[in-house]
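The next block holds one structure in the form of structure tokens; read it before the comments.
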Amino acid sequence: MELTGAEILWECLLREGVEVVFGYPGGAILPTYDAMNFYPVRHVLVRHEQGAVHAADGYARASGRVGVAMATSGPGATNMVTGIATAMMDSSPIVCITGQVPTAAIGSDAFQETDVTGITLPITKHNYLVTDVRELAQVVKEAFYIARSGRPGPVLIDLPKDVQIARTEFVYPEGPVELPGYRPRTVIPPEDLERAVELINSARRPIILAGHGVLMSGAMRELREFAERGRIPVAQTLLGLGNFPASHPLCLGMMGMHGEAFVNQAIQEADLLLAFGMRFDDRVTGNVKTYAPKARKIHVDIDPSELNKNVKVDVGIVGDLKAVLQELLPHVEPIDRSAWLEQIDEWRDDTRRRDILNWDGGGKLWGAHVIHDIWRATEGNAIVVTDVGQHQMWEAQYYRHEQPFTLITSGGLGTMGFALPAGIGAKLARPDAEVWVIAGDGGFQMTQAELATAVQERVPIRIAIINNAYLGMVRQWQEFFYEKRYAATPLVNPDFCKLAAAYDIPAFRVTRREEVIPIVEKARQVDGPVLIDFVVEKEDIVYPMVPAGADLHAMIRRPVSEHGQKEVTP
Amino acid sequence: MKHILVARVENKPGVLNRVASLFRRRGFNIDSLTVGETEVPEISRMTIVVDTSRTDATRVVHNLYKLVNVIEVEDITERPSVVRDLVLLKVKADARTRPEIIQLTEVFRGKVVDVAPDSLILELTGEEEKIRSFIEVMRPFGILEMVRTGIVAMTRGSSPNGHVPLRGNGAVV
Ligand SMILES: Cc1ncc(C[n+]2csc(CCOP(=O)(O)OP(=O)(O)O)c2C)c(N)n1
Ligand SMILES: [Mg+2]
């Protein structure tokens, strides 16, 4: 049957199982929007194309499926750039479709023409400019395959207007995609496995560094078996949180710049690092020259270019983590490592003494307490989508994720403005889950226009603004490293409750600790989106902190005396 | 150390840009890059020379593999191979110096490809070393213009690049 390019696009999207598309129309993509009327797809109209991409990203991270975003040429496409870069850094599988000026006009600086494939070349896993409608079906199929396979990532398809209009016989390319230059690896060299097993079974102080790759590969069960069998403690990266139950006795929690001190201490003292699906980001290692100096290192990652990139390793295994762990598991010997675990516990005690949770707050409202109470009220079962800044780190420290895929956050790029649109995407992907957006007062305002999207599309997300009237994380750096010269970090904010009211969104303001749980409970009952403005202490600090580039063990700790030692039981 | 990488890539628009962009954004320095047709019309071949450590050369290879249009990459630095560069030199020449220049060019097995009243164009193909010494020999006469193609390379024997079986490390993600 002869179809137009636009129709072929929708036919192909349906065959990929696409149910929701996040987008914003415009001239160069109009034929595709017109054809959409005849296909059973839910289109979510965002208020800015960046929001469309974050929403597709949140959708992908919450569901494990490919998210789809759509925009027009020129400004529509360039507005997508931040979202695409965010997805690229966090290996999130999305497909972005942009309209383009007609092929005959390409290169002429036509109205709303930009070289989108050029602009997004370094921030996509791959991209396409389709100049012949006969190639379109194949391109769409390849795009989805590339986005979700191997190390996932964003793929962009630029579609000139005339290609959307042109007609051709529609033949769907059945069968698997075969690309001569793209072969996600499947074979694991046995000699690497042997060497790894040797190191694992002879280690006395091993530690697992569990990253995002555990989630992407679906290796949660294997990780747990591995840790339990070898009695090996598990530290997590920010994007790895949820890959191992927070309540598990072997779970140490987050490592790195704002990881707990005892976790970083354990890494520095370990004799073996088992890096599973993580990439030794500088926020995780601190100064690489002094990083884990006593440890041999085994690194398993699906992307060979990550091996030996930041940290030299003794054994590098390229492969899908789940498969690699399945190979390794039978050889992991149950070794008594209680001395090592006890040592870590001792360090952990010191961390506990400093924990802000052991302090009643002195009548003030602290960000960490808010997060802790949201965790209690939601019984740790919500999907939390955070923005970037102090509140993001408090979330990572105090919302204890039991389940995989329950923390969605911009880790690699650290994109402020991510939370609200990504939260909308996450909720649409998992309608039965409770979704909390936790944003700073700064970042929230970067994409707050998406409140209208949540209303128009009736997406019942719960929004918590951790309102400290500062670009808090930057203020913290200024406090520590620039002698409290607060250049451009104080914020004069709108009244967030009135703002919500303008969108017909019920809103609450919380200024005292004892109100947190009751108001959170109230918000949970609201049918539709709801917002809570948590007015917290302005000059709070995320402790502990490894200053950028410093040694991992050189942490700035919360002073023991700061809040006294008053014990409270939460 | 100089590493010679041979990459077989899909002959499609924009592929050279993808490769060049990769080198730029990862901070890998290219000494030279040549690209041209191969025995298969859908495939082009790049010879890329990078001056880095062995670990970094491996990183370059792995990163090249991440490009969907790159079919195969091989570091042939340590394999027996034929490596060639071509130089065109325009050298100042008058009646007095012309015979000497021509004679020296012959010693290098180069060719005189253009003769003008006050200059000559010389062509020489060979390995880097040979080209460099040729340039040094000509410098005193006065080099007016120079152009080099950059290195092309091919491994010796009957398993030409591209037909070697893919090794484990040829993983693509
Ligand atoms: C788009 C963008 N611009 C700038 C930054 C730099 N930055 C990192 S954290 C931060 C402050 C965030 O402030 P807020 O949203 O109020 O959160 P808080 O740290 O106060 O919790 C800034 C400006 C960024 N990460 N993203
Ligand atoms: Mg703030």
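Chain labels run A, B, ... following the order of the structure tokens; each chain numbers its residues from 1, and ligands are numbered from 1 in the order shown.
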If you count only C-alpha atoms and all ligand atoms, which residues end up within 7 Å of ligand 1, as number ranges by chain?
-> A: 387-392, 414-417, 439-444, 466-474
Determine which residues of chain B receive a DSSP assignment of strand (DSSP E or B), computed from the backbone, and state them as a ChimeraX atom specification.
-> /B:2-10,30-37,43-51,70-75,81-92,111-116,119-126,143-148,152-155
Only C-alpha atoms, please: the residues just picked out, written as a compact mmCIF listing (two decimals), in the first residue's frame.
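Below is the file selection-v6.txt, written as the result:
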```txt
# COMPACT_ATOMS: atom_id res chain seq x y z
CA LYS B 2 52.64 7.09 16.43
CA HIS B 3 49.80 4.65 15.91
CA ILE B 4 48.41 3.84 12.51
CA LEU B 5 44.75 2.94 12.55
CA VAL B 6 42.92 1.57 9.57
CA ALA B 7 39.17 1.99 9.63
CA ARG B 8 36.64 0.64 7.19
CA VAL B 9 33.56 2.81 7.31
CA GLU B 10 30.24 2.99 5.52
CA ILE B 30 45.17 13.46 14.70
CA ASP B 31 48.52 13.55 12.91
CA SER B 32 46.93 12.72 9.61
CA LEU B 33 43.74 11.32 8.25
CA THR B 34 43.13 10.10 4.74
CA VAL B 35 39.95 8.74 3.30
CA GLY B 36 39.15 7.10 0.00
CA GLU B 37 37.41 4.38 -1.93
CA ILE B 43 32.83 1.03 2.03
CA SER B 44 35.44 3.76 2.40
CA ARG B 45 38.72 3.37 4.09
CA MET B 46 40.40 5.73 6.49
CA THR B 47 43.99 5.70 7.57
CA ILE B 48 44.36 7.65 10.76
CA VAL B 49 47.66 8.43 12.43
CA VAL B 50 47.53 9.40 16.10
CA ASP B 51 50.41 10.22 18.36
CA VAL B 70 32.38 2.44 11.50
CA ILE B 71 32.53 -1.20 10.46
CA GLU B 72 35.99 -2.18 11.50
CA VAL B 73 39.06 -0.62 13.02
CA GLU B 74 42.51 -2.02 13.40
CA ASP B 75 45.69 -0.67 14.93
CA SER B 81 52.65 -3.35 6.58
CA VAL B 82 53.30 -1.01 3.69
CA VAL B 83 53.02 2.59 4.74
CA ARG B 84 53.10 5.39 2.19
CA ASP B 85 52.88 9.14 2.12
CA LEU B 86 53.09 11.36 -0.96
CA VAL B 87 54.61 14.83 -1.11
CA LEU B 88 54.54 17.49 -3.80
CA LEU B 89 57.29 20.08 -3.41
CA LYS B 90 57.65 23.28 -5.39
CA VAL B 91 61.31 24.19 -5.18
CA LYS B 92 63.06 27.33 -6.36
CA LYS B 111 59.87 12.47 -10.02
CA VAL B 112 60.02 15.87 -11.56
CA VAL B 113 56.44 16.55 -12.56
CA ASP B 114 56.59 20.20 -13.63
CA VAL B 115 59.32 22.47 -14.89
CA ALA B 116 59.04 26.26 -14.88
CA SER B 119 60.90 26.45 -10.11
CA LEU B 120 60.30 22.71 -10.23
CA ILE B 121 57.54 20.55 -8.83
CA LEU B 122 58.85 17.30 -7.37
CA GLU B 123 56.83 14.28 -6.40
CA LEU B 124 57.93 11.65 -3.94
CA THR B 125 56.17 8.66 -2.46
CA GLY B 126 57.49 6.71 0.45
CA ILE B 143 60.80 25.38 -0.76
CA LEU B 144 58.07 27.58 -2.23
CA GLU B 145 55.13 25.29 -1.57
CA MET B 146 54.53 21.88 -0.11
CA VAL B 147 51.62 19.50 0.16
CA ARG B 148 51.39 16.01 1.60
CA VAL B 152 47.94 5.40 3.70
CA ALA B 153 48.72 1.91 4.86
CA MET B 154 48.04 -1.74 4.15
CA THR B 155 49.17 -4.84 6.00
```
Non-local contacts of Phe108 (chain B) (8 Å; only C-alpha atoms; under 2 positions in same chain excluded) as a list of chain:residue names =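 That gives B:Leu104, B:Thr105, B:Glu106, B:Gly110, B:Leu124, B:Lys130, B:Phe134.
These are the residues of region 49-96 of chain B assigned helix (DSSP H, G or I) by DSSP from backbone coordinates: Arg54, Thr55, Asp56, Ala57, Thr58, Arg59, Val60, Val61, His62, Asn63, Leu64, Tyr65 and Lys66 of chain B.
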Could you please select, counting only C-alpha atoms, the residues of chain A within 6 Å of chain B and state them as a PDB file with N, CA and C atoms, in the first residue's frame?
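The resulting file, part.pdb, is shown below:
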```pdb
ATOM      1  N   GLY A 150      22.677  -2.602  23.450  1.00  0.00           N
ATOM      2  CA  GLY A 150      24.032  -2.277  23.885  1.00  0.00           C
ATOM      3  C   GLY A 150      23.989  -1.318  25.054  1.00  0.00           C
ATOM      4  N   ARG A 151      24.800  -0.269  24.983  1.00  0.00           N
ATOM      5  CA  ARG A 151      24.670   0.810  25.963  1.00  0.00           C
ATOM      6  C   ARG A 151      23.622   1.767  25.401  1.00  0.00           C
ATOM      7  N   PRO A 180      26.203  -3.294   9.680  1.00  0.00           N
ATOM      8  CA  PRO A 180      27.565  -3.826   9.572  1.00  0.00           C
ATOM      9  C   PRO A 180      28.483  -3.295  10.668  1.00  0.00           C
ATOM     10  N   GLY A 181      28.249  -2.082  11.122  1.00  0.00           N
ATOM     11  CA  GLY A 181      29.168  -1.479  12.089  1.00  0.00           C
ATOM     12  C   GLY A 181      28.615  -1.455  13.500  1.00  0.00           C
ATOM     13  N   TYR A 182      27.620  -2.262  13.793  1.00  0.00           N
ATOM     14  CA  TYR A 182      26.997  -2.200  15.119  1.00  0.00           C
ATOM     15  C   TYR A 182      26.646  -3.606  15.563  1.00  0.00           C
ATOM     16  N   ARG A 183      27.476  -4.134  16.439  1.00  0.00           N
ATOM     17  CA  ARG A 183      27.248  -5.497  16.901  1.00  0.00           C
ATOM     18  C   ARG A 183      27.437  -5.550  18.399  1.00  0.00           C
ATOM     19  N   PRO A 184      26.378  -5.297  19.153  1.00  0.00           N
ATOM     20  CA  PRO A 184      26.547  -5.380  20.601  1.00  0.00           C
ATOM     21  C   PRO A 184      27.152  -6.726  20.975  1.00  0.00           C
ATOM     22  N   ARG A 185      28.123  -6.657  21.855  1.00  0.00           N
ATOM     23  CA  ARG A 185      28.954  -7.817  22.129  1.00  0.00           C
ATOM     24  C   ARG A 185      28.212  -8.903  22.906  1.00  0.00           C
ATOM     25  N   ASP A 303      30.293  -1.172  27.642  1.00  0.00           N
ATOM     26  CA  ASP A 303      30.955  -0.263  26.710  1.00  0.00           C
ATOM     27  C   ASP A 303      32.469  -0.369  26.868  1.00  0.00           C
ATOM     28  N   SER A 305      34.810   1.239  25.684  1.00  0.00           N
ATOM     29  CA  SER A 305      35.545   2.500  25.791  1.00  0.00           C
ATOM     30  C   SER A 305      35.560   3.026  27.226  1.00  0.00           C
TER      31      SER A 305
END
```
Quick one: residues within 10 Å of Asp162 (chain A), only C-alpha atoms counted, chain neighbours fewer than 5 positions away excluded, as a compact mmCIF listing (two decimals) with N, CA, C and O atoms, in the first residue's frame?
```txt
# COMPACT_ATOMS: atom_id res chain seq x y z
N THR A 4 2.16 7.95 2.89
CA THR A 4 3.06 9.11 2.95
C THR A 4 4.14 8.82 3.99
O THR A 4 3.99 7.93 4.84
N GLY A 5 5.20 9.61 3.94
CA GLY A 5 6.27 9.45 4.92
C GLY A 5 5.73 9.59 6.34
O GLY A 5 6.10 8.83 7.25
N ALA A 6 4.84 10.55 6.53
CA ALA A 6 4.27 10.76 7.86
C ALA A 6 3.53 9.51 8.33
O ALA A 6 3.66 9.09 9.48
N ALA A 28 7.39 22.62 10.14
CA ALA A 28 8.12 21.59 9.42
C ALA A 28 7.72 20.17 9.83
O ALA A 28 8.12 19.21 9.18
N PRO A 31 2.92 17.85 8.66
CA PRO A 31 2.34 16.66 8.02
C PRO A 31 2.29 15.47 8.97
O PRO A 31 1.33 14.69 8.97
N GLY A 99 11.17 17.76 12.69
CA GLY A 99 10.88 18.18 11.33
C GLY A 99 12.08 18.93 10.79
O GLY A 99 12.90 19.45 11.55
N GLN A 100 12.19 18.98 9.48
CA GLN A 100 13.28 19.72 8.85
C GLN A 100 12.71 20.41 7.62
O GLN A 100 11.66 20.00 7.09
N VAL A 101 13.36 21.48 7.18
CA VAL A 101 12.91 22.15 5.96
C VAL A 101 13.00 21.16 4.80
O VAL A 101 13.73 20.17 4.88
N PRO A 102 12.28 21.40 3.71
CA PRO A 102 12.31 20.45 2.59
C PRO A 102 13.73 20.22 2.07
O PRO A 102 14.57 21.12 2.13
N THR A 103 13.98 19.03 1.59
CA THR A 103 15.35 18.67 1.18
C THR A 103 15.95 19.69 0.21
O THR A 103 17.13 20.01 0.31
N ALA A 104 15.12 20.22 -0.69
CA ALA A 104 15.65 21.17 -1.67
C ALA A 104 16.15 22.44 -1.00
O ALA A 104 17.01 23.15 -1.54
N THR A 131 16.55 11.51 3.67
CA THR A 131 16.31 12.32 2.49
C THR A 131 15.49 11.58 1.44
O THR A 131 15.14 12.13 0.42
N ASP A 132 15.18 10.32 1.71
CA ASP A 132 14.43 9.52 0.75
C ASP A 132 13.38 8.73 1.53
O ASP A 132 13.72 7.96 2.43
N VAL A 133 12.13 8.95 1.19
CA VAL A 133 11.04 8.33 1.96
C VAL A 133 11.14 6.81 1.95
O VAL A 133 10.70 6.14 2.88
N ARG A 167 5.08 9.95 -1.10
CA ARG A 167 4.42 8.65 -0.97
C ARG A 167 5.32 7.54 -1.49
O ARG A 167 6.07 7.73 -2.44
```
Counting only C-alpha atoms, figure out which residue out of B:Val15, B:Val40, B:Ala57, B:Val107 gets nearest to Thr77 (chain B).
-> B:Ala57
Atom-to-atom span, CA of Arg376 (chain A) and CA of Glu402 (chain A), Å =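 Result for CA of Arg376 (chain A) versus CA of Glu402 (chain A): 12.6 Å, one decimal.
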